[in-house]
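Let me begin by presenting the structure, written as structure tokens, before commenting on it.
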Amino acid sequence: MTSVERHPYDVVVIGAGGAGLRAVIEARQRGLSVAVVCKSLFGKAHTVMAEGGCAASMGNANSNDNWQVHFRDTMRGGKFLNNWRMAELHAREAPDRVWELETYGALFDRTADGRISQRNFGGHTYPRLAHVGDRTGLELIRTMQQKIVSLQQEDFKEHGDYEAKIKVFAECTITELIKDGDRIAGAFGYWRESGRFVLFETPAVVLATGGIGKSFKVTSNSWEYTGDGHALAMRAGASLINMEFVQFHPTGMVWPPSVKGILVTEGVRGDGGVLKNSEGKRFMFDYVPEVFKGQYAETEEEADRWYTDPDNNRRTPDLLPRDEVARAINAEVKAGRGSPHGGVFLDIASRMPAEEIKRRLPSMYHQFKELADVDITAEPMEVGPTCHYVMGGIEVDPDTAQSSVPGLFAAGECSGGMHGSNRLGGNSLSDLLVFGRRAGLGAASYVEGLADRPAVPESDVDSAAKAAVAPFDEPKDADASENPYTLHSDLQQSMNDLVGIIRKAEEIEQALAKLEEIKARVPNVTVEGHRQFNPGWHLALDLRNMLLVSECVAKAALRRTESRGGHTRDDHPQLDSLWRNRLLECRAEGEDAAVVAKEQIPMRQDLFELFEYSELAKYYSEDELAGHPGGEA
Amino acid sequence: MGYDAKFKVWRGDDEKGELRDFTVEVNEGEVVLDIIHRLQATQAPDLAVRWNCKAGKCGSCSAEINGKPRLLCMTRMSVFEEGETVTVTPLRAFPVIRDLVTDVSYNYEKAREIPSFTPHENLEPGEYRMQQVDVERSQEFRKCIECFLCQNTCHVVRDHEDNKKSFAGPRFLMRIAELEMHPLDVGERTDAAQDEHGLGYCNITKCCTEVCPEGIKITDNALIPMKERVADRKYDPLVWLGNKLFRR
Amino acid sequence: MTTGINAPTRARISARTLRTDRWWLPPLLTVLGLGTFVIYATFRAFMGDHYWVNDYHYLTPFYSPCLSDSCAPGSAHFGAWFGELPGWIPLGFVALPFLLGFRLTCYYYRKAYYRSVWQSPPACAVAEPHKSYSGETKLPLIVQNAHRYFFYAALVVSVINTYDAILAFHSPDGFGFGLGNIVLTGNVIMLWAYTLSCHSCRHIAGGRLKHFSKHPVRYWFWTKVSALNTRHMQLAWVTLGTLMLTDLYVWLVASGAISDLRFI
């Protein structure tokens, strides 16, 4: 039998993005030993790609802001499908989490009186995003990385070993979670560098693996985003919710082809950039949906006044929630009013001086200059929708972040519920911090409360090892041998075309048939070479996760016969209040995914009453509204 | 539009290796990383390369292209002539693992040796007040994506393996400068910069600045100001005399 | 060699560099540029003649201040502090060592000669030929840390050069103005720009401060010096040129090879 190196830890955090690192910090501060396992080098996680900022109602830019306003914005953005308790915790705790980062050494941009500056973003009533130029995600991850280093330095002083309490297992992939009975007992994986197997013996696993974007062709996500956490949780018996809701960011680069999908921050619009079609028209004024009527400016003059006088004017519809803007762009392109390369124009050049653009949006300037040879201070950008974020994820308890499997926790993008059907920009970084910390706390409390440690069954280790090397086996029929790169690109193409931004029943059915076909080809995948840093092998193993998760997305998308947030059905274009309360839950049955509907717990009364009756009436059924005081009047 | 380009890609491990020839299709707007991916998908499925965001933000795909340290994802094919052979090798200052992947653990070890941010005591979360002009210098350094191209290019360690012990490298000397200029940091860092982290090895030949994909002025804004601060404390005869006389 | 890029753990690539551009050109040009100046300046410094145009009070910067009895009549406008000097001592011996020191320890020139003359490294990602390297950690190179004192001295010399340039607005009838004034004044302006753009100056002006916001005036100075500092390299070369040009002009006029173009 192949040798497996073993590492006992109190808590194992899978994923070293924002949520994972925040969980590590919390669990270590509770005195536990923590391993953090990541597929890339430490500090390279996808969080670095977050540009615009981190939403927290600190009220530095507008003192009218508070957690209730943030809560309302979040629920509205998610079209009231959000887990309201998560949205509440998030809105309440985000300011503390941001201030905490300053104590770790973060340097946000400042207001004139020396506090953290906050910027406007889509769907947020007030300027709310703490930011550092347009590289806020990098600041977050570096800050927490450096906090972990400082904790390791403390451990070095005390124990003479930097890694006494926290150890980073970089370039290490987890392929399977291992259980003892119904509880988590460990995690099995391999070192990417050497291909050697590694087993973590741990009672608690925090999943913080991010999203699933690599199942789509046009995406702002990196190769890591293969839905590993989603799939690991499913195979361990946990459920996913809301998988039909996939956010297409309205502004990704569209040209040149090799960079198609790379993100253009919403900060461009927050700072004054506007969307125009090929006729030069600011088309967003034509796309304000019924539910947001009256909340957005109706003329260009009012929209332009809003940047300097937000109290007496309504905001520009360029800053509608992302799902609305993405659909609007899609519609303009379909109507033949798109840009030469199939997007629309995003113009900031004509709206502010070149120096100002370079100061506020340095990485956007750099990105377009280097990759597309476009000078954004002189000409408009071409942008179009790109797969950006999955609202769905592992169903967790809001307060502890624990899934239905004891010992299995999840935070960040791979958890579900917080953002409902659509996430507001800036809410992901705050989500990472709030629920990363809660997952760390939840895991620590769980471990401290254990009467006995779970044991890892040897047979499970053997079968995990066997599954991991399967791609090296030649298929029985050598001619049927498949290339993992081809399968991956087939999968991406089908998901992009058939379960993309606009969906129809028959297309989703085609996608499901295609997924079945790809699934049948997976056992024939053959990998050349050996186990040492072999990207073909790595992709072959990730494919299995992508397929399982894609199936969840497609099946849930077929089931939900309405359009809401990040799920748009051409054949069911309306918001349906009967669907508002229904969540689609996805579980694994062998290698297949199965979807069932279930009801959400009604919102707590005090939170319910934070909303006007007239607004809720747009989303809720009459029965559900009976308890609202506004209805009786 | 498309054409076939000649590539030489280093393939090997820590024992042996060679530059291997490939002919591969190139399309409009592509970067070198696209070509490496095409090689993986069509000719060399086990070609090891490290990459992540493919947008110049994570600093994973550092390598050397035609001998120059660069990010694979930010080097456009259009900078080369169509007939030119493009040579891609791993970073040459770090131990190689396989193909284009090197062991960059030196950098993580050095990161751990730099004392962390030390705020004023009595400063509670939410009470931090800093002016924009005071944070801007450190913010420039925090743009660093840790691609380690500066560490790789710096001749102090690239050409002298034995200096790795005593030299933190430009990235981490810049980290010291960042904390030194942080408005609320109270740590005393200049002596250690010279005595423990090897600032004196730097001969300001500016290759770190030349290769930085973020355009950070490492030498002018971090290393030289640190050298001047060291001179304040260690090479100013008045200060030196004061220290001798009063044994401060 | 088994260290550096040929160390046993690194990728087995024997080439010293795989760069395909003309990386050797900048160091070569640097050597030629610096060499030209050194040869010219040495020759002129020891020449001991044709440095003063009495009619117009043109004094070459290489001989300023001229402080001995050996100085041509009228050129020692700060007085003769020293007696007759032997021929092997340059007449500008008071200022020259400081100016030499200022440029030798200058952060830009250090880069220039480390890269070109010492080949450490000759260009980025090109292996250097030296077996071991200790940088500026020990003698003699640790002396580079004294740059700021040469900067202070250079400030004084710049004031003297400015004074020289003002005195040069002279003709036998009183006030005068000729092409030589433009040359001398231009040189002085560039010398000031080079001196003030110095990295030590930037540090002293405000770079050493932790809180710019508490020192608005010094912050203002720092931003100005910083702006100049980004041109420090260009100024370093431009001033080598203007120094040689100014001296050559004075030489030619003083020796009678050409006559000064007079406007007044």
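Labeling convention for the structure tokens: chains A, B, ... as they appear, residues from 1 per chain, ligands from 1 in order of appearance.
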Could you pull out all residues of range 181-303 of chain A with a DSSP call of helix (DSSP H, G or I) and give them as a PyMOL selection string? chain A and resi 213-215+228-235+257-259+267-270+283-287+290-292+300-303
Step one, run DSSP on the backbone; step two, keep only residues of range 38-159 of chain C assigned to strand (DSSP E or B); then write them as a tab-separated table (two decimals) with C-alpha atoms, in the first residue's frame.
chain	number	residue	atom	x	y	z
C	52	TRP	CA	39.84	82.26	-15.64
C	53	VAL	CA	38.69	84.93	-18.10
C	58	TYR	CA	34.41	83.64	-15.99
C	59	LEU	CA	35.78	80.98	-13.60
C	68	SER	CA	45.83	80.19	-3.10
C	82	PHE	CA	47.06	79.32	1.04
Name the residues in contact with Ser120 in chain C at a cut-off of 9 Å, using only C-alpha atoms, excluding same-chain residues fewer than 5 positions from it; report them as a ChimeraX atom specification. /B:155-156,203,205 /C:113-115,127-130,133
Within 6 Å of chain B, which residues of chain A are there when counting only C-alpha atoms? Please give them as a PyMOL selection string. chain A and resi 44+99-100+105+110+114-115+149-150+222+256+258+485+533-536
Neighbour list for Gly198 in chain B as a VMD selection string, cut-off 7 Å, only C-alpha atoms, skip fewer than 3 positions in-chain: chain B and resid 166 to 168 193 to 195 201
Would you output that residue set with N, CA and C atoms, as a PDB file, in the first residue's frame?
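Below is the file that was written, part_18.pdb:
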ATOM      1  N   SER B 166      21.716  35.496   5.270  1.00  0.00           N
ATOM      2  CA  SER B 166      21.763  36.789   5.951  1.00  0.00           C
ATOM      3  C   SER B 166      21.049  37.913   5.218  1.00  0.00           C
ATOM      4  N   PHE B 167      20.396  37.608   4.109  1.00  0.00           N
ATOM      5  CA  PHE B 167      19.781  38.668   3.312  1.00  0.00           C
ATOM      6  C   PHE B 167      18.299  38.377   3.103  1.00  0.00           C
ATOM      7  N   ALA B 168      17.451  39.314   3.546  1.00  0.00           N
ATOM      8  CA  ALA B 168      16.007  39.090   3.443  1.00  0.00           C
ATOM      9  C   ALA B 168      15.489  39.315   2.035  1.00  0.00           C
ATOM     10  N   ALA B 193      17.187  46.063  10.487  1.00  0.00           N
ATOM     11  CA  ALA B 193      17.222  46.026   9.021  1.00  0.00           C
ATOM     12  C   ALA B 193      18.663  45.850   8.551  1.00  0.00           C
ATOM     13  N   GLN B 194      19.580  46.577   9.189  1.00  0.00           N
ATOM     14  CA  GLN B 194      20.975  46.505   8.792  1.00  0.00           C
ATOM     15  C   GLN B 194      21.665  45.251   9.351  1.00  0.00           C
ATOM     16  N   ASP B 195      21.429  44.980  10.633  1.00  0.00           N
ATOM     17  CA  ASP B 195      22.221  43.950  11.311  1.00  0.00           C
ATOM     18  C   ASP B 195      21.679  42.534  11.079  1.00  0.00           C
ATOM     19  N   TYR B 201      23.747  44.614   2.233  1.00  0.00           N
ATOM     20  CA  TYR B 201      24.126  43.860   1.033  1.00  0.00           C
ATOM     21  C   TYR B 201      23.615  44.529  -0.234  1.00  0.00           C
TER      22      TYR B 201
END
For Asp460 in chain A, find every residue with an atom within 10 Å (counting only C-alpha atoms), except residues of its own chain fewer than 3 positions away, and show them as a ChimeraX atom specification. /A:176-180,188,456-457,463-466
Write the residues of the preceding selection, restricted to N, CA, C and O atoms, as a tab-separated table (two decimals), in the first residue's frame.
chain	number	residue	atom	x	y	z
A	176	GLU	N	-10.79	14.07	-0.34
A	176	GLU	CA	-11.89	13.35	0.33
A	176	GLU	C	-11.92	13.71	1.82
A	176	GLU	O	-10.88	13.84	2.45
A	177	LEU	N	-13.14	13.86	2.35
A	177	LEU	CA	-13.29	13.99	3.79
A	177	LEU	C	-13.59	12.60	4.35
A	177	LEU	O	-14.28	11.80	3.70
A	178	ILE	N	-13.07	12.34	5.53
A	178	ILE	CA	-13.25	11.01	6.10
A	178	ILE	C	-14.03	11.12	7.40
A	178	ILE	O	-13.79	12.03	8.21
A	179	LYS	N	-15.00	10.22	7.56
A	179	LYS	CA	-15.86	10.29	8.74
A	179	LYS	C	-15.70	9.07	9.62
A	179	LYS	O	-15.33	7.99	9.16
A	180	ASP	N	-16.00	9.31	10.89
A	180	ASP	CA	-16.09	8.20	11.83
A	180	ASP	C	-17.56	8.17	12.23
A	180	ASP	O	-18.02	9.05	12.96
A	188	PHE	N	-8.33	13.69	3.53
A	188	PHE	CA	-7.29	13.00	2.77
A	188	PHE	C	-6.94	13.82	1.54
A	188	PHE	O	-7.82	14.38	0.88
A	456	VAL	N	-9.95	7.64	12.42
A	456	VAL	CA	-10.03	7.52	10.96
A	456	VAL	C	-10.04	6.04	10.58
A	456	VAL	O	-9.10	5.31	10.89
A	457	PRO	N	-11.09	5.57	9.91
A	457	PRO	CA	-11.11	4.17	9.48
A	457	PRO	C	-10.10	3.95	8.35
A	457	PRO	O	-10.12	4.67	7.36
A	463	SER	N	-9.29	3.53	0.26
A	463	SER	CA	-10.11	3.75	-0.93
A	463	SER	C	-9.91	5.16	-1.47
A	463	SER	O	-9.95	5.37	-2.68
A	464	ALA	N	-9.65	6.12	-0.58
A	464	ALA	CA	-9.37	7.48	-1.06
A	464	ALA	C	-8.08	7.50	-1.88
A	464	ALA	O	-8.00	8.14	-2.94
A	465	ALA	N	-7.08	6.74	-1.41
A	465	ALA	CA	-5.80	6.69	-2.12
A	465	ALA	C	-5.99	6.04	-3.49
A	465	ALA	O	-5.42	6.48	-4.49
A	466	LYS	N	-6.80	5.03	-3.50
A	466	LYS	CA	-7.03	4.31	-4.75
A	466	LYS	C	-7.73	5.21	-5.77
A	466	LYS	O	-7.36	5.26	-6.94
Exercise answer, chain C residues close to chain B, 9 Å and only C-alpha atoms, as a PyMOL selection string: chain C and resi 3-13+17-21+107-108+110-112+114-115+120-121+123-138+142-143+145-146+148+199-200+202-204+207-213+229-230
